[in-house]
file data_3.pdb (PDB, C-alpha atoms)
ATOM      1  CA  MET A   1      -2.679 -18.551  -4.435
ATOM      2  CA  SER A   2      -5.878 -18.256  -2.459
ATOM      3  CA  ARG A   3      -6.454 -14.584  -1.786
ATOM      4  CA  THR A   4      -7.824 -12.827   1.216
ATOM      5  CA  ARG A   5     -11.126 -11.076   0.753
ATOM      6  CA  HIS A   6      -9.695  -7.583   1.084
ATOM      7  CA  TYR A   7      -6.205  -6.084   1.119
ATOM      8  CA  HIS A   8      -6.940  -4.747   4.623
ATOM      9  CA  ASP A   9      -6.614  -8.367   5.780
ATOM     10  CA  LEU A  10      -2.990  -8.591   4.636
ATOM     11  CA  ILE A  11      -0.580  -8.220   7.552
ATOM     12  CA  ALA A  12       1.998  -6.811   5.121
ATOM     13  CA  TRP A  13      -0.406  -3.983   4.233
ATOM     14  CA  GLN A  14      -1.257  -3.350   7.908
ATOM     15  CA  LYS A  15       2.423  -3.101   8.865
ATOM     16  CA  ALA A  16       3.166  -0.930   5.820
ATOM     17  CA  MET A  17       0.431   1.445   6.998
ATOM     18  CA  ASP A  18       2.036   1.499  10.470
ATOM     19  CA  LEU A  19       5.350   2.325   8.824
ATOM     20  CA  ALA A  20       3.808   5.157   6.779
ATOM     21  CA  ARG A  21       2.183   6.656   9.889
ATOM     22  CA  THR A  22       5.447   6.575  11.841
ATOM     23  CA  VAL A  23       7.381   8.091   8.936
ATOM     24  CA  TYR A  24       4.832  10.898   8.690
ATOM     25  CA  ALA A  25       5.048  11.570  12.431
ATOM     26  CA  GLN A  26       8.839  11.473  12.612
ATOM     27  CA  THR A  27       9.420  13.621   9.534
ATOM     28  CA  GLU A  28       7.382  16.425  11.120
ATOM     29  CA  GLU A  29      10.504  17.149  13.155
ATOM     30  CA  PHE A  30      12.732  17.570  10.082
ATOM     31  CA  PRO A  31      14.193  21.021   9.413
ATOM     32  CA  LYS A  32      11.966  23.366   7.409
ATOM     33  CA  SER A  33      14.570  23.323   4.638
ATOM     34  CA  GLU A  34      13.625  19.660   4.023
ATOM     35  CA  THR A  35       9.910  20.326   3.545
ATOM     36  CA  PHE A  36      10.153  19.609  -0.190
ATOM     37  CA  GLY A  37      13.293  17.489  -0.045
ATOM     38  CA  LEU A  38      14.033  14.340   1.903
ATOM     39  CA  ARG A  39      10.931  14.730   4.074
ATOM     40  CA  MET A  40       8.615  14.587   1.052
ATOM     41  CA  GLN A  41      10.557  11.753  -0.600
ATOM     42  CA  MET A  42      10.368   9.624   2.546
ATOM     43  CA  ARG A  43       6.655  10.214   2.903
ATOM     44  CA  ARG A  44       6.053   9.342  -0.734
ATOM     45  CA  SER A  45       8.105   6.154  -0.454
ATOM     46  CA  ALA A  46       6.315   5.098   2.732
ATOM     47  CA  VAL A  47       2.909   5.632   1.142
ATOM     48  CA  ASN A  48       4.026   3.761  -1.981
ATOM     49  CA  VAL A  49       4.800   0.620   0.011
ATOM     50  CA  ALA A  50       1.243   0.247   1.311
ATOM     51  CA  SER A  51      -0.241   1.452  -1.976
ATOM     52  CA  HIS A  52       1.669  -1.113  -4.046
ATOM     53  CA  ILE A  53       0.614  -3.924  -1.699
ATOM     54  CA  ALA A  54      -3.034  -2.888  -2.056
ATOM     55  CA  GLU A  55      -2.664  -2.575  -5.812
ATOM     56  CA  ALA A  56      -1.009  -5.987  -6.063
ATOM     57  CA  HIS A  57      -3.887  -7.557  -4.162
ATOM     58  CA  GLY A  58      -6.252  -6.286  -6.838
ATOM     59  CA  ARG A  59      -4.322  -7.926  -9.667
ATOM     60  CA  LEU A  60      -6.069 -10.714 -11.543
ATOM     61  CA  ASN A  61      -3.343 -13.349 -11.570
ATOM     62  CA  ASP A  62      -0.209 -14.286  -9.666
ATOM     63  CA  ALA A  63       2.245 -12.944 -12.257
ATOM     64  CA  GLU A  64       0.646  -9.492 -12.122
ATOM     65  CA  MET A  65       0.453  -9.623  -8.336
ATOM     66  CA  GLN A  66       4.150 -10.489  -8.269
ATOM     67  CA  LYS A  67       4.944  -7.312 -10.223
ATOM     68  CA  GLY A  68       2.977  -5.167  -7.766
ATOM     69  CA  LEU A  69       4.658  -6.761  -4.763
ATOM     70  CA  GLY A  70       8.024  -6.255  -6.459
ATOM     71  CA  ALA A  71       7.229  -2.543  -6.688
ATOM     72  CA  ALA A  72       6.343  -2.541  -2.973
ATOM     73  CA  ARG A  73       9.648  -4.207  -2.164
ATOM     74  CA  ALA A  74      11.496  -1.630  -4.273
ATOM     75  CA  ALA A  75       9.720   1.160  -2.380
ATOM     76  CA  ILE A  76      10.855  -0.397   0.933
ATOM     77  CA  ASN A  77      14.464  -0.383  -0.278
ATOM     78  CA  GLU A  78      14.098   3.228  -1.357
ATOM     79  CA  LEU A  79      12.602   4.208   2.009
ATOM     80  CA  GLN A  80      15.274   2.394   3.996
ATOM     81  CA  THR A  81      17.971   4.191   2.005
ATOM     82  CA  GLN A  82      16.295   7.516   2.776
ATOM     83  CA  ILE A  83      16.005   6.622   6.480
ATOM     84  CA  GLU A  84      19.725   5.853   6.594
ATOM     85  CA  LEU A  85      20.491   9.165   4.900
ATOM     86  CA  ALA A  86      18.225  11.102   7.275
ATOM     87  CA  ALA A  87      19.877   9.417  10.265
ATOM     88  CA  SER A  88      23.369  10.227   8.973
ATOM     89  CA  LEU A  89      22.325  13.866   8.568
ATOM     90  CA  GLY A  90      21.092  13.944  12.159
ATOM     91  CA  PHE A  91      17.399  14.311  11.319
ATOM     92  CA  PHE A  92      16.456  11.236  13.386
ATOM     93  CA  ARG A  93      17.357  10.070  16.831
ATOM     94  CA  GLU A  94      19.347   6.856  16.451
ATOM     95  CA  THR A  95      16.630   4.786  18.136
ATOM     96  CA  ALA A  96      13.970   6.220  15.815
ATOM     97  CA  SER A  97      15.914   5.356  12.682
ATOM     98  CA  GLU A  98      16.544   1.826  13.977
ATOM     99  CA  GLU A  99      12.821   1.393  14.690
ATOM    100  CA  HIS A 100      11.957   2.545  11.159
ATOM    101  CA  LEU A 101      14.536   0.244   9.619
ATOM    102  CA  ASP A 102      13.337  -2.703  11.711
ATOM    103  CA  LEU A 103       9.688  -2.117  10.766
ATOM    104  CA  GLY A 104      10.726  -1.760   7.122
ATOM    105  CA  THR A 105      12.588  -5.062   7.334
ATOM    106  CA  ARG A 106       9.505  -6.753   8.841
ATOM    107  CA  VAL A 107       7.343  -5.413   6.005
ATOM    108  CA  ALA A 108       9.917  -6.584   3.439
ATOM    109  CA  LYS A 109       9.879 -10.080   4.961
ATOM    110  CA  LEU A 110       6.082 -10.162   4.817
ATOM    111  CA  ILE A 111       6.198  -9.095   1.171
ATOM    112  CA  ASN A 112       8.777 -11.818   0.483
ATOM    113  CA  GLY A 113       6.453 -14.312   2.169
ATOM    114  CA  LEU A 114       3.625 -13.289  -0.144
ATOM    115  CA  LEU A 115       5.929 -13.530  -3.147
ATOM    116  CA  GLY A 116       6.963 -17.015  -2.050
ATOM    117  CA  VAL A 117       3.437 -18.411  -2.365
ATOM    118  CA  LEU A 118       2.745 -16.956  -5.800
ATOM    119  CA  ASP A 119       3.000 -19.003  -8.965
ATOM    120  CA  PRO A 120       4.791 -16.850 -11.567
ATOM    121  CA  ALA A 121       3.743 -19.308 -14.279
ATOM    122  CA  ASP A 122       0.175 -18.215 -13.538
ATOM    123  CA  ASP A 123       0.465 -15.316 -16.020
ATOM    124  CA  LYS A 124      -1.553 -17.211 -18.640
ATOM    125  CA  ALA A 125      -4.204 -18.279 -16.162
ATOM    126  CA  GLU A 126      -7.679 -16.837 -16.291
ATOM    127  CA  PRO A 127      -8.500 -14.001 -13.918
ATOM    128  CA  ARG A 128     -10.057 -15.216 -10.722
ATOM    129  CA  GLN A 129     -12.191 -13.880  -7.975
ATOM    130  CA  PRO A 130     -11.014 -13.764  -4.347
ATOM    131  CA  ALA A 131     -11.292 -17.162  -2.670
ATOM    132  CA  SER A 132     -14.345 -16.181  -0.654
ATOM    133  CA  VAL A 133     -16.259 -15.266  -3.837
ATOM    134  CA  GLU A 134     -15.288 -18.515  -5.550
ATOM    135  CA  ALA A 135     -16.377 -20.507  -2.520
ATOM    136  CA  ALA A 136     -19.757 -18.780  -2.599
ATOM    137  CA  GLY A 137     -20.210 -19.980  -6.192
ATOM    138  CA  ALA A 138     -20.473 -16.501  -7.688
ATOM    139  CA  ARG A 139     -20.042 -16.216 -11.412
ATOM    140  CA  GLN A 140     -17.244 -14.194 -12.920
ATOM    141  CA  PRO A 141     -18.396 -10.895 -14.459
ATOM    142  CA  ALA A 142     -18.725 -11.196 -18.235
ATOM    143  CA  ASN A 143     -16.569  -8.123 -18.884
ATOM    144  CA  LEU A 144     -13.384  -9.698 -17.514
ATOM    145  CA  PRO A 145     -10.958 -11.264 -20.020
ATOM    146  CA  GLY A 146     -11.518 -15.005 -20.165
ATOM    147  CA  ALA A 147     -14.844 -14.814 -18.331
ATOM    148  CA  GLY A 148     -16.760 -16.242 -21.283
ATOM    149  CA  ARG A 149     -14.504 -19.306 -21.495
ATOM    150  CA  ALA A 150     -14.820 -19.909 -17.758
ATOM    151  CA  ASN A 151     -18.621 -19.737 -17.908
ATOM    152  CA  LEU A 152     -18.709 -22.115 -20.904
ATOM    153  CA  ARG A 153     -16.588 -24.644 -19.011
ATOM    154  CA  ARG A 154     -18.871 -24.384 -15.973
ATOM    155  CA  GLU A 155     -21.944 -24.937 -18.165
ATOM    156  CA  LYS A 156     -20.340 -28.031 -19.735
ATOM    157  CA  LEU A 157     -19.521 -29.377 -16.278
ATOM    158  CA  ASP A 158     -23.090 -28.767 -15.107
ATOM    159  CA  ARG A 159     -24.496 -30.986 -17.895
TER     160      ARG A 159
END

call {"tool": "encode", "arguments": {"input": "data_3.pdb", "output": "structure tokens"}}
result
Amino acid sequence: MSRTRHYHDLIAWQKAMDLARTVYAQTEEFPKSETFGLRMQMRRSAVNVASHIAEAHGRLNDAEMQKGLGAARAAINELQTQIELAASLGFFRETASEEHLDLGTRVAKLINGLLGVLDPADDKAEPRQPASVEAAGARQPANLPGAGRANLRREKLDR
């Protein structure tokens, strides 16, 4: 998969950040008794979605990226379960919970889209730089696994 230059460019990450901000804002209205309960769990889950997407983007091959995106998808499921619980307990207005669930579903679909373009057989492939770095002809740092082999192949090709 050709990668974006930075995880900020991923729409899935941008929408996950929107979701985290709305969860933070809406959970402010939870009862004080939930300060260290459902409120904190929802916030943690919402932050985990965006964090796992960013982490996955930094992975060196598609198989590792797939694992990170799987963790993001799991965090979405966890958050949506918590939203449903909060709504059933009356902590959310019905429209607010539906908005959160809809945004969570959009993020999940974006994550699934990213997963769909990954090659899980890529786990044996050499680490690669983001597409923009490769296009610029930059060499792979020597401290990355497989970097020496890649540089040897490039030198042989240059001859």

call {"tool": "resolve_selection", "arguments": {"input": "data_3.pdb", "expression": "the PyMOL selection byres ((chain A and resi 105) around 12)", "output": "list in words"}}
result
Ala12, Lys15, Ala16, Leu19, Arg73, Ala75, Ile76, Asn77, Leu79, Gln80, Thr81, Glu98, Glu99, His100, Leu101, Asp102, Leu103, Gly104, Arg106, Val107, Ala108, Lys109, Leu110, Ile111 and Asn112 of chain A

call {"tool": "atom_distance", "arguments": {"input": "data_3.pdb", "atom1": "atom CA of Ser45 of chain A", "atom2": "atom CA of Asp9 of chain A"}}
result
21.6 Å

call {"tool": "residues_around", "arguments": {"input": "data_3.pdb", "residues": "Arg43 of chain A", "least_positions_apart": "4", "cutoff": "7 Å", "atoms": "all atoms listed in the file", "output": "list in words"}}
result
Ala20, Val23, Tyr24, Arg39 and Val47 of chain A

call {"tool": "resolve_selection", "arguments": {"input": "data_3.pdb", "expression": "the PyMOL selection byres ((chain A and resi 28) around 12)", "output": "compact mmCIF listing (two decimals) with C-alpha atoms, in the frame of the given file"}}
result
# COMPACT_ATOMS: atom_id res chain seq x y z
CA ARG A 21 2.18 6.66 9.89
CA THR A 22 5.45 6.58 11.84
CA VAL A 23 7.38 8.09 8.94
CA TYR A 24 4.83 10.90 8.69
CA ALA A 25 5.05 11.57 12.43
CA GLN A 26 8.84 11.47 12.61
CA THR A 27 9.42 13.62 9.53
CA GLU A 29 10.50 17.15 13.16
CA PHE A 30 12.73 17.57 10.08
CA PRO A 31 14.19 21.02 9.41
CA LYS A 32 11.97 23.37 7.41
CA SER A 33 14.57 23.32 4.64
CA GLU A 34 13.62 19.66 4.02
CA THR A 35 9.91 20.33 3.54
CA LEU A 38 14.03 14.34 1.90
CA ARG A 39 10.93 14.73 4.07
CA MET A 40 8.62 14.59 1.05
CA MET A 42 10.37 9.62 2.55
CA ARG A 43 6.66 10.21 2.90
CA PHE A 91 17.40 14.31 11.32
CA PHE A 92 16.46 11.24 13.39

call {"tool": "residues_near_point", "arguments": {"input": "data_3.pdb", "point": "(5.4, -13.5, -4.9)", "cutoff": "10 Å", "atoms": "all atoms listed in the file", "output": "CSV table (one decimal) with C-alpha atoms, in the coordinates of the input"}}
result
chain,number,residue,atom,x,y,z
A,1,MET,CA,-2.7,-18.6,-4.4
A,56,ALA,CA,-1.0,-6.0,-6.1
A,62,ASP,CA,-0.2,-14.3,-9.7
A,63,ALA,CA,2.2,-12.9,-12.3
A,64,GLU,CA,0.6,-9.5,-12.1
A,65,MET,CA,0.5,-9.6,-8.3
A,66,GLN,CA,4.2,-10.5,-8.3
A,67,LYS,CA,4.9,-7.3,-10.2
A,68,GLY,CA,3.0,-5.2,-7.8
A,69,LEU,CA,4.7,-6.8,-4.8
A,70,GLY,CA,8.0,-6.3,-6.5
A,111,ILE,CA,6.2,-9.1,1.2
A,112,ASN,CA,8.8,-11.8,0.5
A,113,GLY,CA,6.5,-14.3,2.2
A,114,LEU,CA,3.6,-13.3,-0.1
A,115,LEU,CA,5.9,-13.5,-3.1
A,116,GLY,CA,7.0,-17.0,-2.0
A,117,VAL,CA,3.4,-18.4,-2.4
A,118,LEU,CA,2.7,-17.0,-5.8
A,119,ASP,CA,3.0,-19.0,-9.0
A,120,PRO,CA,4.8,-16.8,-11.6

call {"tool": "atom_distance", "arguments": {"input": "data_3.pdb", "atom1": "atom CA of His52 of chain A", "atom2": "atom CA of Ala72 of chain A"}}
result
5.0 Å

call {"tool": "atom_distance", "arguments": {"input": "data_3.pdb", "atom1": "atom CA of Tyr7 of chain A", "atom2": "atom CA of His57 of chain A"}}
result
6.0 Å

call {"tool": "closest_residue", "arguments": {"input": "data_3.pdb", "among": "A:Ser51, A:Thr95, A:Gln41, A:Gln14", "to": "Gln82 of chain A", "atoms": "all atoms listed in the file"}}
result
A:Gln41

call {"tool": "axis_aligned_box", "arguments": {"input": "data_3.pdb", "around": "segment 62-68 of chain A", "padding_each_side": "4 Å", "output": "lines of an AutoDock Vina configuration file"}}
result
center_x = 2.4
center_y = -9.7
center_z = -10.0
size_x = 13.2
size_y = 17.1
size_z = 12.5

call {"tool": "closest_residue", "arguments": {"input": "data_3.pdb", "among": "A:Arg5, A:Glu78, A:Leu10, A:Glu84", "to": "Arg44 of chain A", "atoms": "all atoms listed in the file"}}
result
A:Glu78
